[in-house]
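Engineer: My structure file final_19.cif, mmCIF, C-alpha atoms, is below:
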data_entry
loop_
_atom_site.label_atom_id
_atom_site.label_comp_id
_atom_site.auth_asym_id
_atom_site.auth_seq_id
_atom_site.Cartn_x
_atom_site.Cartn_y
_atom_site.Cartn_z
CA MET M 30 54.07 129.78 104.68
CA ILE M 31 52.59 126.33 103.94
CA GLU M 32 49.15 125.72 105.40
CA VAL M 33 48.36 122.36 106.96
CA ASN M 34 45.56 121.76 104.49
CA GLU M 35 47.54 122.76 101.40
CA PRO M 36 47.08 120.18 98.59
CA LEU M 37 49.97 117.87 97.80
CA LYS M 38 52.21 119.11 95.04
CA LYS M 39 52.99 116.92 92.03
CA GLU M 40 56.58 116.36 93.23
CA GLU M 41 55.35 115.00 96.56
CA VAL M 42 53.01 112.55 94.87
CA SER M 43 55.86 111.45 92.58
CA LEU M 44 58.14 110.94 95.58
CA PHE M 45 55.88 108.47 97.34
CA SER M 46 54.70 106.76 94.16
CA GLY M 47 58.31 105.81 93.40
CA ILE M 48 58.85 104.43 96.90
CA GLU M 49 55.59 102.49 96.80
CA GLU M 50 56.17 101.18 93.29
CA MET M 51 59.45 99.51 94.26
CA ASN M 52 58.20 98.65 97.77
CA HIS M 53 60.88 100.37 99.85
CA GLU M 54 60.83 100.15 103.63
CA GLN M 55 62.48 103.48 104.43
CA VAL M 56 64.08 106.46 102.69
CA VAL M 57 66.15 108.97 104.66
CA PHE M 58 67.06 112.45 103.40
CA CYS M 59 70.21 113.86 104.98
CA HIS M 60 71.36 117.49 104.99
CA ASP M 61 74.11 119.42 106.73
CA LYS M 62 74.66 123.07 105.84
CA ALA M 63 78.13 123.34 107.40
CA THR M 64 79.66 120.61 105.22
CA GLY M 65 77.36 120.98 102.22
CA LEU M 66 76.20 117.40 102.62
CA LYS M 67 73.11 116.38 100.67
CA ALA M 68 72.51 112.63 100.79
CA ILE M 69 69.76 110.06 100.44
CA ILE M 70 69.82 106.63 102.11
CA ALA M 71 67.32 104.12 100.72
CA ILE M 72 66.52 100.90 102.58
CA HIS M 73 64.66 98.60 100.24
CA ASN M 74 64.25 95.27 101.99
CA THR M 75 65.52 93.71 105.24
CA VAL M 76 63.91 90.26 105.09
CA LEU M 77 67.28 88.52 104.74
CA GLY M 78 69.09 90.80 107.19
CA PRO M 79 70.26 94.41 107.62
CA ALA M 80 70.31 96.41 104.40
CA MET M 81 73.77 96.62 102.87
CA GLY M 82 74.97 98.53 99.83
CA GLY M 83 77.63 101.04 98.92
CA THR M 84 77.61 104.81 98.88
CA ARG M 85 78.24 106.68 95.66
CA MET M 86 78.80 110.37 95.02
CA TRP M 87 77.65 111.92 91.79
CA HIS M 88 76.89 115.36 90.37
CA TYR M 89 73.24 114.65 89.61
CA ALA M 90 71.33 116.99 87.32
CA SER M 91 68.55 117.26 89.90
CA ASP M 92 67.53 116.00 93.33
CA GLN M 93 64.80 113.96 91.66
CA GLU M 94 67.40 112.22 89.50
CA ALA M 95 69.37 111.35 92.65
CA LEU M 96 66.25 109.96 94.31
CA THR M 97 65.38 107.84 91.29
CA ASP M 98 68.93 106.50 91.21
CA VAL M 99 69.07 105.54 94.88
CA LEU M 100 65.66 103.86 94.73
CA ARG M 101 66.69 101.76 91.74
CA LEU M 102 70.11 101.00 93.19
CA SER M 103 68.78 99.89 96.57
CA ARG M 104 66.24 97.57 94.97
CA GLY M 105 69.06 96.17 92.87
CA MET M 106 71.02 95.47 96.04
CA THR M 107 68.14 93.43 97.44
CA LEU M 108 68.17 91.28 94.31
CA LYS M 109 71.97 91.13 94.20
CA ASN M 110 72.36 90.05 97.81
CA ALA M 111 69.59 87.48 97.51
CA ILE M 112 70.85 85.80 94.34
CA ALA M 113 74.40 85.76 95.77
CA GLY M 114 73.14 83.71 98.73
CA LEU M 115 74.02 86.38 101.32
CA ASN M 116 72.08 86.93 104.52
CA ILE M 117 71.65 90.67 104.11
CA GLY M 118 69.00 92.92 102.64
CA GLY M 119 69.29 95.72 100.12
CA GLY M 120 70.10 99.37 100.66
CA LYS M 121 72.08 102.15 99.02
CA ALA M 122 73.17 105.73 99.62
CA VAL M 123 73.95 108.60 97.27
CA LEU M 124 75.77 111.83 98.03
CA ILE M 125 74.77 114.68 95.74
CA GLY M 126 77.60 116.78 94.32
CA ASP M 127 80.88 116.76 92.43
CA ALA M 128 83.20 114.40 94.33
CA ARG M 129 86.28 116.09 92.87
CA LYS M 130 85.25 119.40 94.44
CA LEU M 131 83.14 118.66 97.52
CA LYS M 132 84.29 115.39 99.04
CA ASN M 133 86.45 115.74 102.15
CA GLU M 134 86.88 114.34 105.65
CA ALA M 135 84.26 116.57 107.27
CA LEU M 136 81.60 115.68 104.72
CA MET M 137 82.26 111.95 104.96
CA ARG M 138 82.25 112.01 108.76
CA ARG M 139 78.96 113.91 108.80
CA PHE M 140 77.53 111.28 106.48
CA GLY M 141 78.81 108.64 108.90
CA LYS M 142 76.73 110.23 111.67
CA PHE M 143 73.60 109.83 109.55
CA VAL M 144 74.44 106.17 108.89
CA ASN M 145 74.93 105.70 112.61
CA SER M 146 71.53 107.22 113.39
CA LEU M 147 69.91 104.21 111.68
CA GLY M 148 71.29 101.90 114.35
CA GLY M 149 72.58 99.18 112.04
CA LYS M 150 69.55 98.87 109.80
CA TYR M 151 71.82 100.07 106.96
CA TRP M 152 75.50 99.18 106.45
CA THR M 153 77.52 101.10 103.89
CA ALA M 154 80.67 100.54 101.80
CA GLU M 155 82.42 102.01 98.73
CA ASP M 156 80.77 102.64 95.41
CA VAL M 157 81.29 105.13 92.58
CA ASN M 158 83.72 107.95 93.51
CA MET M 159 84.38 106.41 96.94
CA SER M 160 87.56 104.84 98.37
CA THR M 161 88.73 102.88 101.38
CA LYS M 162 90.02 106.18 102.79
CA ASP M 163 86.48 107.59 102.66
CA MET M 164 85.27 104.54 104.57
CA GLU M 165 87.91 105.26 107.20
CA TYR M 166 86.31 108.66 107.75
CA VAL M 167 82.83 107.13 107.93
CA ARG M 168 84.12 104.57 110.45
CA MET M 169 85.17 107.38 112.76
CA GLU M 170 81.47 108.08 113.33
CA THR M 171 79.80 104.68 113.03
CA PRO M 172 80.57 100.95 113.23
CA TYR M 173 78.10 100.24 110.42
CA VAL M 174 80.59 100.38 107.57
CA THR M 175 82.51 97.79 105.56
CA GLY M 176 85.13 97.95 102.83
CA LEU M 177 87.67 99.19 105.35
CA PRO M 178 91.40 98.91 104.59
CA ASP M 179 93.36 95.84 105.60
CA PHE M 180 95.22 97.56 108.43
CA MET M 181 91.88 98.27 110.12
CA GLY M 182 90.89 94.63 109.90
CA GLY M 183 88.75 95.19 106.82
CA SER M 184 88.58 93.46 103.47
CA GLY M 185 90.00 96.38 101.49
CA ASP M 186 88.76 97.69 98.16
CA PRO M 187 85.97 95.40 96.87
CA SER M 188 86.49 96.50 93.25
CA PRO M 189 88.86 93.65 92.23
CA VAL M 190 86.32 91.09 93.40
CA THR M 191 83.46 92.90 91.68
CA ALA M 192 85.46 92.86 88.46
CA TYR M 193 86.28 89.17 88.86
CA GLY M 194 82.58 88.34 89.20
CA VAL M 195 81.81 90.33 86.05
CA TYR M 196 84.59 88.43 84.31
CA MET M 197 83.06 85.12 85.42
CA GLY M 198 79.63 86.21 84.17
CA MET M 199 81.14 87.30 80.88
CA LYS M 200 82.84 83.93 80.41
CA ALA M 201 79.58 82.11 81.17
CA SER M 202 77.83 84.31 78.61
CA ALA M 203 80.50 83.47 76.04
CA LYS M 204 79.94 79.78 76.79
CA LYS M 205 76.23 80.24 76.05
CA ALA M 206 76.66 82.45 72.98
CA TYR M 207 79.73 80.90 71.35
CA GLY M 208 79.94 77.41 72.82
CA SER M 209 83.25 78.27 74.51
CA GLU M 210 84.04 80.40 77.54
CA LYS M 211 87.32 81.59 76.02
CA LEU M 212 87.54 85.35 75.47
CA GLU M 213 90.82 85.31 73.57
CA GLY M 214 90.45 87.38 70.41
CA LYS M 215 87.02 88.70 71.36
CA LYS M 216 86.51 92.46 71.03
CA VAL M 217 85.26 93.74 74.39
CA LEU M 218 84.32 97.38 74.90
CA VAL M 219 84.63 98.44 78.54
CA GLN M 220 82.64 101.63 79.08
CA GLY M 221 83.84 103.31 82.28
CA THR M 222 87.42 102.94 83.50
CA GLY M 223 86.98 103.45 87.22
CA ASN M 224 88.11 100.87 89.74
CA VAL M 225 85.88 98.01 88.53
CA GLY M 226 86.47 98.78 84.87
CA THR M 227 90.23 98.86 85.37
CA TYR M 228 90.35 95.48 87.10
CA LEU M 229 88.06 93.99 84.45
CA ILE M 230 90.39 95.26 81.73
CA GLU M 231 93.30 93.61 83.53
CA ASN M 232 91.48 90.25 83.54
CA LEU M 233 90.60 90.59 79.86
CA ILE M 234 94.12 91.54 78.80
CA LYS M 235 95.49 88.47 80.61
CA GLU M 236 93.19 86.32 78.46
CA ASN M 237 94.31 88.10 75.27
CA ALA M 238 90.96 89.70 74.53
CA LYS M 239 90.98 92.75 72.26
CA VAL M 240 89.95 95.52 74.63
CA LEU M 241 88.36 98.81 73.67
CA ILE M 242 87.75 101.47 76.32
CA SER M 243 85.63 104.59 76.68
CA ASP M 244 85.29 107.15 79.47
CA ILE M 245 84.22 110.76 79.90
CA PHE M 246 87.35 111.54 81.96
CA GLU M 247 90.61 111.91 80.01
CA ASP M 248 92.80 111.34 83.07
CA LYS M 249 91.20 107.93 83.64
CA ILE M 250 91.74 106.99 80.00
CA LYS M 251 95.41 107.94 80.24
CA LYS M 252 95.89 105.73 83.30
CA ILE M 253 94.61 102.79 81.27
CA THR M 254 96.52 103.51 78.06
CA ASP M 255 99.73 103.91 80.09
CA ARG M 256 99.27 100.35 81.44
CA PHE M 257 97.47 98.33 78.79
CA PRO M 258 97.40 97.91 74.98
CA VAL M 259 93.83 99.09 74.36
CA GLU M 260 91.91 101.02 71.73
CA VAL M 261 90.17 104.20 72.85
CA VAL M 262 86.64 104.93 71.64
CA ALA M 263 85.19 108.41 72.08
CA ALA M 264 82.28 108.54 74.55
CA ASP M 265 79.86 109.65 71.83
CA GLN M 266 80.99 106.89 69.45
CA VAL M 267 80.42 103.83 71.66
CA PHE M 268 77.20 102.75 69.99
CA ASP M 269 78.55 103.41 66.51
CA THR M 270 81.39 100.92 67.07
CA ASP M 271 81.33 97.19 66.35
CA PHE M 272 82.47 94.74 69.04
CA ASP M 273 81.58 91.29 70.36
CA ILE M 274 80.87 92.13 74.00
CA TYR M 275 79.67 95.35 75.59
CA ALA M 276 80.73 95.82 79.22
CA PRO M 277 79.08 98.91 80.76
CA CYS M 278 81.00 99.74 83.94
CA ALA M 279 79.95 103.34 84.60
CA LEU M 280 76.46 104.56 85.46
CA GLY M 281 73.22 102.79 84.56
CA GLY M 282 70.58 103.31 81.91
CA THR M 283 72.83 102.91 78.86
CA LEU M 284 70.56 100.15 77.52
CA ASN M 285 67.61 102.21 76.33
CA ASP M 286 65.43 102.80 73.27
CA GLU M 287 68.06 104.80 71.42
CA ASN M 288 71.19 102.81 72.24
CA ILE M 289 69.82 99.28 71.86
CA ASP M 290 68.75 100.13 68.31
CA LYS M 291 72.36 101.01 67.50
CA LEU M 292 74.08 98.33 69.58
CA ASN M 293 75.97 95.81 67.43
CA CYS M 294 77.29 93.01 69.64
CA ASP M 295 76.51 89.48 70.81
CA ILE M 296 76.70 89.89 74.59
CA VAL M 297 76.17 92.56 77.24
CA ALA M 298 78.02 91.78 80.47
CA GLY M 299 79.27 94.63 82.63
CA GLY M 300 79.68 95.94 86.15
CA ALA M 301 77.35 98.95 86.11
CA ASN M 302 74.14 98.80 88.11
CA ASN M 303 70.71 99.22 86.46
CA GLN M 304 71.99 98.96 82.91
CA LEU M 305 68.44 98.50 81.59
CA LEU M 306 66.64 101.84 81.68
CA ASP M 307 63.38 99.88 81.82
CA GLU M 308 64.02 96.27 82.82
CA LYS M 309 60.91 94.87 81.11
CA ILE M 310 60.97 96.86 77.88
CA HIS M 311 64.70 96.86 77.31
CA GLY M 312 65.29 93.35 78.60
CA LYS M 313 62.88 92.18 75.89
CA ALA M 314 64.42 94.50 73.30
CA LEU M 315 67.81 92.83 73.75
CA VAL M 316 66.23 89.38 73.32
CA ASN M 317 64.46 90.53 70.18
CA LYS M 318 67.75 91.79 68.78
CA GLY M 319 69.51 88.51 69.57
CA ILE M 320 71.82 90.01 72.20
CA LEU M 321 72.53 87.88 75.27
CA TYR M 322 72.26 89.91 78.48
CA ALA M 323 73.97 88.87 81.72
CA PRO M 324 71.89 90.54 84.48
CA ASP M 325 74.00 93.20 86.16
CA PHE M 326 72.88 92.50 89.73
CA LEU M 327 73.94 88.89 89.27
CA ILE M 328 77.40 89.25 87.77
CA ASN M 329 78.53 92.34 89.71
CA GLY M 330 77.88 90.66 93.07
CA GLY M 331 81.52 89.90 93.88
CA GLY M 332 82.10 93.19 95.68
CA ILE M 333 79.16 92.82 98.05
CA THR M 334 80.24 89.23 98.73
CA ASN M 335 83.65 90.56 99.71
CA VAL M 336 82.31 93.10 102.22
CA TYR M 337 79.63 90.69 103.49
CA TYR M 338 82.27 88.38 104.96
CA GLU M 339 83.97 91.40 106.51
CA TYR M 340 80.59 92.26 108.08
CA GLU M 341 80.22 88.68 109.35
CA GLY M 342 83.59 88.90 111.06
CA ASN M 343 85.15 85.82 109.50
CA TYR M 344 86.74 87.27 106.39
CA ASN M 345 88.68 84.82 104.26
CA ARG M 346 89.85 85.83 100.80
CA ASP M 347 89.84 82.30 99.38
CA ARG M 348 86.26 81.78 100.55
CA VAL M 349 85.22 85.07 98.92
CA MET M 350 86.86 84.23 95.59
CA ASN M 351 85.39 80.72 95.57
CA GLN M 352 81.90 82.09 96.13
CA THR M 353 82.43 84.77 93.48
CA GLU M 354 83.41 82.08 90.98
CA ARG M 355 79.94 80.59 91.44
CA ILE M 356 78.60 83.54 89.48
CA TYR M 357 79.65 81.55 86.42
CA ASP M 358 77.31 78.66 87.29
CA THR M 359 74.45 80.92 88.39
CA THR M 360 74.66 82.84 85.11
CA LEU M 361 74.31 79.59 83.17
CA GLU M 362 71.42 78.62 85.47
CA VAL M 363 69.67 81.87 84.54
CA PHE M 364 70.15 81.20 80.83
CA ASP M 365 68.80 77.66 81.26
CA LEU M 366 65.72 79.03 83.02
CA CYS M 367 65.21 81.44 80.13
CA ALA M 368 65.32 78.56 77.65
CA LYS M 369 62.71 76.64 79.63
CA SER M 370 60.34 79.46 80.54
CA GLY M 371 60.78 81.96 77.74
CA ALA M 372 61.59 84.68 80.28
CA THR M 373 64.23 87.32 79.65
CA PRO M 374 67.51 86.89 81.56
CA GLN M 375 66.57 89.85 83.77
CA ALA M 376 63.18 88.35 84.65
CA ALA M 377 64.67 84.89 85.25
CA ALA M 378 67.34 86.26 87.60
CA ILE M 379 64.75 88.31 89.49
CA GLN M 380 62.64 85.18 89.90
CA ILE M 381 65.56 83.27 91.45
CA ALA M 382 66.33 86.15 93.83
CA GLU M 383 62.72 86.71 94.88
CA ASN M 384 62.15 83.00 95.41
CA ARG M 385 64.99 82.97 97.94
CA ILE M 386 63.67 86.06 99.73
CA SER M 387 60.23 84.49 99.96
CA ALA M 388 61.55 81.13 101.17
CA ILE M 389 63.79 82.62 103.85
CA GLY M 390 61.05 85.04 104.89
CA ASN M 391 58.69 82.14 105.46
CA ASN M 392 61.32 80.39 107.59
CA LYS M 393 61.33 83.41 109.90
CA LEU M 394 57.63 83.14 110.61
CA PRO M 395 56.76 81.70 114.05
CA LEU M 396 55.67 78.05 114.20
#
Reformat the file's structure so that it appears as structure tokens.
Structural biologist:
Amino acid sequence: MIEVNEPLKKEEVSLFSGIEEMNHEQVVFCHDKATGLKAIIAIHNTVLGPAMGGTRMWHYASDQEALTDVLRLSRGMTLKNAIAGLNIGGGKAVLIGDARKLKNEALMRRFGKFVNSLGGKYWTAEDVNMSTKDMEYVRMETPYVTGLPDFMGGSGDPSPVTAYGVYMGMKASAKKAYGSEKLEGKKVLVQGTGNVGTYLIENLIKENAKVLISDIFEDKIKKITDRFPVEVVAADQVFDTDFDIYAPCALGGTLNDENIDKLNCDIVAGGANNQLLDEKIHGKALVNKGILYAPDFLINGGGITNVYYEYEGNYNRDRVMNQTERIYDTTLEVFDLCAKSGATPQAAAIQIAENRISAIGNNKLPL
């Protein structure tokens, strides 16, 4: 039995230090014994509007790892939504467990009840290991969900638009690094062949890039090799392979002390969130190695743009694609700011996002 005056344990101190360090507004832990649901919803910032960000399901090694992930992801959504010019804040949710074994209608509907309990402060959508069908189940319990299928009046799977934004960011990076945006003949390694990775590969193949792929799931690799002429690289050989452009499209943290030392490419431009394990240390490490980095929260913003207009109630596909194409110009703007200020691309993109949050926040103050 825990006494009221029992000292805080180290884990409890770590929990709140992480929330305070990234300045989150609210973190909700969700549990339901009947369905086996274990989830965390993190609301980072609502200055620009209700927090919006997808839900992912992953078999985390520990609850602490899940918490760290959702805190980083939700902060990234704040930056992503701000730099994309959207009037929403940043949030994210993670479900803890193996999606291939645990995910079902009951679990998703129970999660929907937790989303609903927040009264619209957080809106969810698809992310890793989630589908439009899962969002249908969530919608049965709450209106605060986007990424619904077309027949329900939604915008459908946001993955194609996410991939298109990454493609635009990659072309802008090529323009900066090579003097031409053309990707024809460039060797691009796409790490992670889920929905976003697959659509990115499709865009690259159309432009006659030389595509290499890597994934930890053999069935996903087979789906790609059955459709596209690609070269397969073993998951443990990615950073021992030479290519022009590295496109991480799985989980984050692949740009770290060990991997950056081995990385042999000109550009990093991918769809994964939080690619830099430490944004200051590893953002600088890429600069020092002469590798151009396209900030992930900037170039993977197409998907959130897609569901944002569904949330607004005036969804128009052409409008979404036109706004997603602007990622090209914003990426070049970030690189120009780097040249002027000496900042890393990550720091420059954060500055642009935070400047917008500050400016809009000031506009909301009473006269």
Engineer: Please enumerate the residues selected by the PyMOL selection byres ((chain M and resi 263-280) around 6) when evaluated against the supplied file, formatted as a PDB file with C-alpha atoms, in the frame of the given file.
Structural biologist:
ATOM      1  CA  LYS M 216      86.510  92.460  71.030  1.00  0.00           C
ATOM      2  CA  VAL M 217      85.260  93.740  74.390  1.00  0.00           C
ATOM      3  CA  LEU M 218      84.320  97.380  74.900  1.00  0.00           C
ATOM      4  CA  VAL M 219      84.630  98.440  78.540  1.00  0.00           C
ATOM      5  CA  GLN M 220      82.640 101.630  79.080  1.00  0.00           C
ATOM      6  CA  GLY M 221      83.840 103.310  82.280  1.00  0.00           C
ATOM      7  CA  GLY M 226      86.470  98.780  84.870  1.00  0.00           C
ATOM      8  CA  SER M 243      85.630 104.590  76.680  1.00  0.00           C
ATOM      9  CA  ASP M 244      85.290 107.150  79.470  1.00  0.00           C
ATOM     10  CA  VAL M 262      86.640 104.930  71.640  1.00  0.00           C
ATOM     11  CA  GLY M 281      73.220 102.790  84.560  1.00  0.00           C
ATOM     12  CA  LYS M 291      72.360 101.010  67.500  1.00  0.00           C
ATOM     13  CA  LEU M 292      74.080  98.330  69.580  1.00  0.00           C
ATOM     14  CA  ASN M 293      75.970  95.810  67.430  1.00  0.00           C
ATOM     15  CA  CYS M 294      77.290  93.010  69.640  1.00  0.00           C
ATOM     16  CA  ASP M 295      76.510  89.480  70.810  1.00  0.00           C
ATOM     17  CA  ILE M 296      76.700  89.890  74.590  1.00  0.00           C
ATOM     18  CA  VAL M 297      76.170  92.560  77.240  1.00  0.00           C
ATOM     19  CA  ALA M 298      78.020  91.780  80.470  1.00  0.00           C
ATOM     20  CA  GLY M 299      79.270  94.630  82.630  1.00  0.00           C
ATOM     21  CA  GLY M 300      79.680  95.940  86.150  1.00  0.00           C
ATOM     22  CA  ALA M 301      77.350  98.950  86.110  1.00  0.00           C
TER      23      ALA M 301
END
Engineer: Considering all atoms listed in the file, can you say which of M:Pro258, M:Gly114, M:Gly214, M:Pro374 comes closest to Leu315 (chain M)?
Structural biologist: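 Between M:Pro258, M:Gly114, M:Gly214, M:Pro374, the residue approaching Leu315 (chain M) most closely is M:Pro374.
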Engineer: Quick check, in Å to one decimal: how far apart do CA of Gly182 (chain M) and CA of Gln352 (chain M) lie?
Structural biologist: 20.7 Å
Engineer: Measure the distance from CA of Gly119 (chain M) to CA of Ile386 (chain M) in Å and round it to one decimal.
Structural biologist: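 Between these atoms lies a distance of 11.2 Å.
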Engineer: List as an mmCIF file with C-alpha atoms, keeping the file's coordinate frame the protein and nucleic acid residues near region 125-130 of chain M, meaning an atom at most 9 Å away when all atoms listed in the file are counted, but skip any in the same chain fewer than 3 places from it.
Structural biologist:
data_model
loop_
_atom_site.group_PDB
_atom_site.id
_atom_site.type_symbol
_atom_site.label_atom_id
_atom_site.label_comp_id
_atom_site.auth_asym_id
_atom_site.auth_seq_id
_atom_site.Cartn_x
_atom_site.Cartn_y
_atom_site.Cartn_z
ATOM 1 C CA GLY M 65 77.360 120.980 102.220
ATOM 2 C CA LEU M 66 76.200 117.400 102.620
ATOM 3 C CA LYS M 67 73.110 116.380 100.670
ATOM 4 C CA ALA M 68 72.510 112.630 100.790
ATOM 5 C CA ILE M 69 69.760 110.060 100.440
ATOM 6 C CA ARG M 85 78.240 106.680 95.660
ATOM 7 C CA MET M 86 78.800 110.370 95.020
ATOM 8 C CA TRP M 87 77.650 111.920 91.790
ATOM 9 C CA HIS M 88 76.890 115.360 90.370
ATOM 10 C CA TYR M 89 73.240 114.650 89.610
ATOM 11 C CA SER M 91 68.550 117.260 89.900
ATOM 12 C CA ASP M 92 67.530 116.000 93.330
ATOM 13 C CA ALA M 95 69.370 111.350 92.650
ATOM 14 C CA ASN M 133 86.450 115.740 102.150
ATOM 15 C CA ASN M 158 83.720 107.950 93.510
ATOM 16 C CA MET M 159 84.380 106.410 96.940
#
Engineer: Which residues come within 8 Å of Lys142 (chain M), counting all atoms listed in the file, excluding same-chain residues fewer than 3 positions away, as a VMD selection string?
Structural biologist: chain M and resid 138 to 139 145 to 146 167 170 to 171
Engineer: Just to confirm, what's the straight-line distance from CA of Asp255 (chain M) to CA of Asp186 (chain M) in Å (one decimal)?
Structural biologist: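 Separation between CA of Asp255 (chain M) and CA of Asp186 (chain M): 22.0 Å.
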Engineer: Where atoms are missing, can you supply N, CA, C and O atoms for region 216-228 of chain M and output the lot as a PDB file, in the frame of the given file?
Structural biologist:
ATOM      1  N   LYS M 216      86.459  91.005  70.863  1.00  0.00           N
ATOM      2  CA  LYS M 216      86.510  92.460  71.030  1.00  0.00           C
ATOM      3  C   LYS M 216      85.527  92.855  72.131  1.00  0.00           C
ATOM      4  O   LYS M 216      84.327  92.667  71.985  1.00  0.00           O
ATOM      5  N   VAL M 217      86.070  93.368  73.224  1.00  0.00           N
ATOM      6  CA  VAL M 217      85.260  93.740  74.390  1.00  0.00           C
ATOM      7  C   VAL M 217      85.398  95.237  74.618  1.00  0.00           C
ATOM      8  O   VAL M 217      86.510  95.741  74.818  1.00  0.00           O
ATOM      9  N   LEU M 218      84.276  95.946  74.600  1.00  0.00           N
ATOM     10  CA  LEU M 218      84.320  97.380  74.900  1.00  0.00           C
ATOM     11  C   LEU M 218      83.929  97.594  76.355  1.00  0.00           C
ATOM     12  O   LEU M 218      82.814  97.270  76.760  1.00  0.00           O
ATOM     13  N   VAL M 219      84.856  98.124  77.137  1.00  0.00           N
ATOM     14  CA  VAL M 219      84.630  98.440  78.540  1.00  0.00           C
ATOM     15  C   VAL M 219      84.311  99.935  78.627  1.00  0.00           C
ATOM     16  O   VAL M 219      85.173 100.778  78.376  1.00  0.00           O
ATOM     17  N   GLN M 220      83.077 100.240  78.971  1.00  0.00           N
ATOM     18  CA  GLN M 220      82.640 101.630  79.080  1.00  0.00           C
ATOM     19  C   GLN M 220      82.692 102.051  80.554  1.00  0.00           C
ATOM     20  O   GLN M 220      81.908 101.589  81.368  1.00  0.00           O
ATOM     21  N   GLY M 221      83.633 102.910  80.891  1.00  0.00           N
ATOM     22  CA  GLY M 221      83.840 103.310  82.280  1.00  0.00           C
ATOM     23  C   GLY M 221      85.097 102.673  82.814  1.00  0.00           C
ATOM     24  O   GLY M 221      85.156 101.450  82.980  1.00  0.00           O
ATOM     25  N   THR M 222      86.117 103.487  83.080  1.00  0.00           N
ATOM     26  CA  THR M 222      87.420 102.940  83.500  1.00  0.00           C
ATOM     27  C   THR M 222      87.750 103.347  84.932  1.00  0.00           C
ATOM     28  O   THR M 222      88.880 103.718  85.242  1.00  0.00           O
ATOM     29  N   GLY M 223      86.744 103.270  85.797  1.00  0.00           N
ATOM     30  CA  GLY M 223      86.980 103.450  87.220  1.00  0.00           C
ATOM     31  C   GLY M 223      87.617 102.208  87.798  1.00  0.00           C
ATOM     32  O   GLY M 223      88.240 101.416  87.076  1.00  0.00           O
ATOM     33  N   ASN M 224      87.454 101.994  89.089  1.00  0.00           N
ATOM     34  CA  ASN M 224      88.110 100.870  89.740  1.00  0.00           C
ATOM     35  C   ASN M 224      87.689  99.518  89.160  1.00  0.00           C
ATOM     36  O   ASN M 224      88.518  98.683  88.811  1.00  0.00           O
ATOM     37  N   VAL M 225      86.371  99.304  89.044  1.00  0.00           N
ATOM     38  CA  VAL M 225      85.880  98.010  88.530  1.00  0.00           C
ATOM     39  C   VAL M 225      86.295  97.831  87.081  1.00  0.00           C
ATOM     40  O   VAL M 225      86.782  96.761  86.685  1.00  0.00           O
ATOM     41  N   GLY M 226      86.098  98.866  86.273  1.00  0.00           N
ATOM     42  CA  GLY M 226      86.470  98.780  84.870  1.00  0.00           C
ATOM     43  C   GLY M 226      87.943  98.465  84.675  1.00  0.00           C
ATOM     44  O   GLY M 226      88.314  97.661  83.813  1.00  0.00           O
ATOM     45  N   THR M 227      88.783  99.079  85.484  1.00  0.00           N
ATOM     46  CA  THR M 227      90.230  98.860  85.370  1.00  0.00           C
ATOM     47  C   THR M 227      90.596  97.411  85.681  1.00  0.00           C
ATOM     48  O   THR M 227      91.375  96.778  84.941  1.00  0.00           O
ATOM     49  N   TYR M 228      90.049  96.866  86.759  1.00  0.00           N
ATOM     50  CA  TYR M 228      90.350  95.480  87.100  1.00  0.00           C
ATOM     51  C   TYR M 228      89.767  94.501  86.073  1.00  0.00           C
ATOM     52  O   TYR M 228      90.359  93.454  85.801  1.00  0.00           O
TER      53      TYR M 228
END
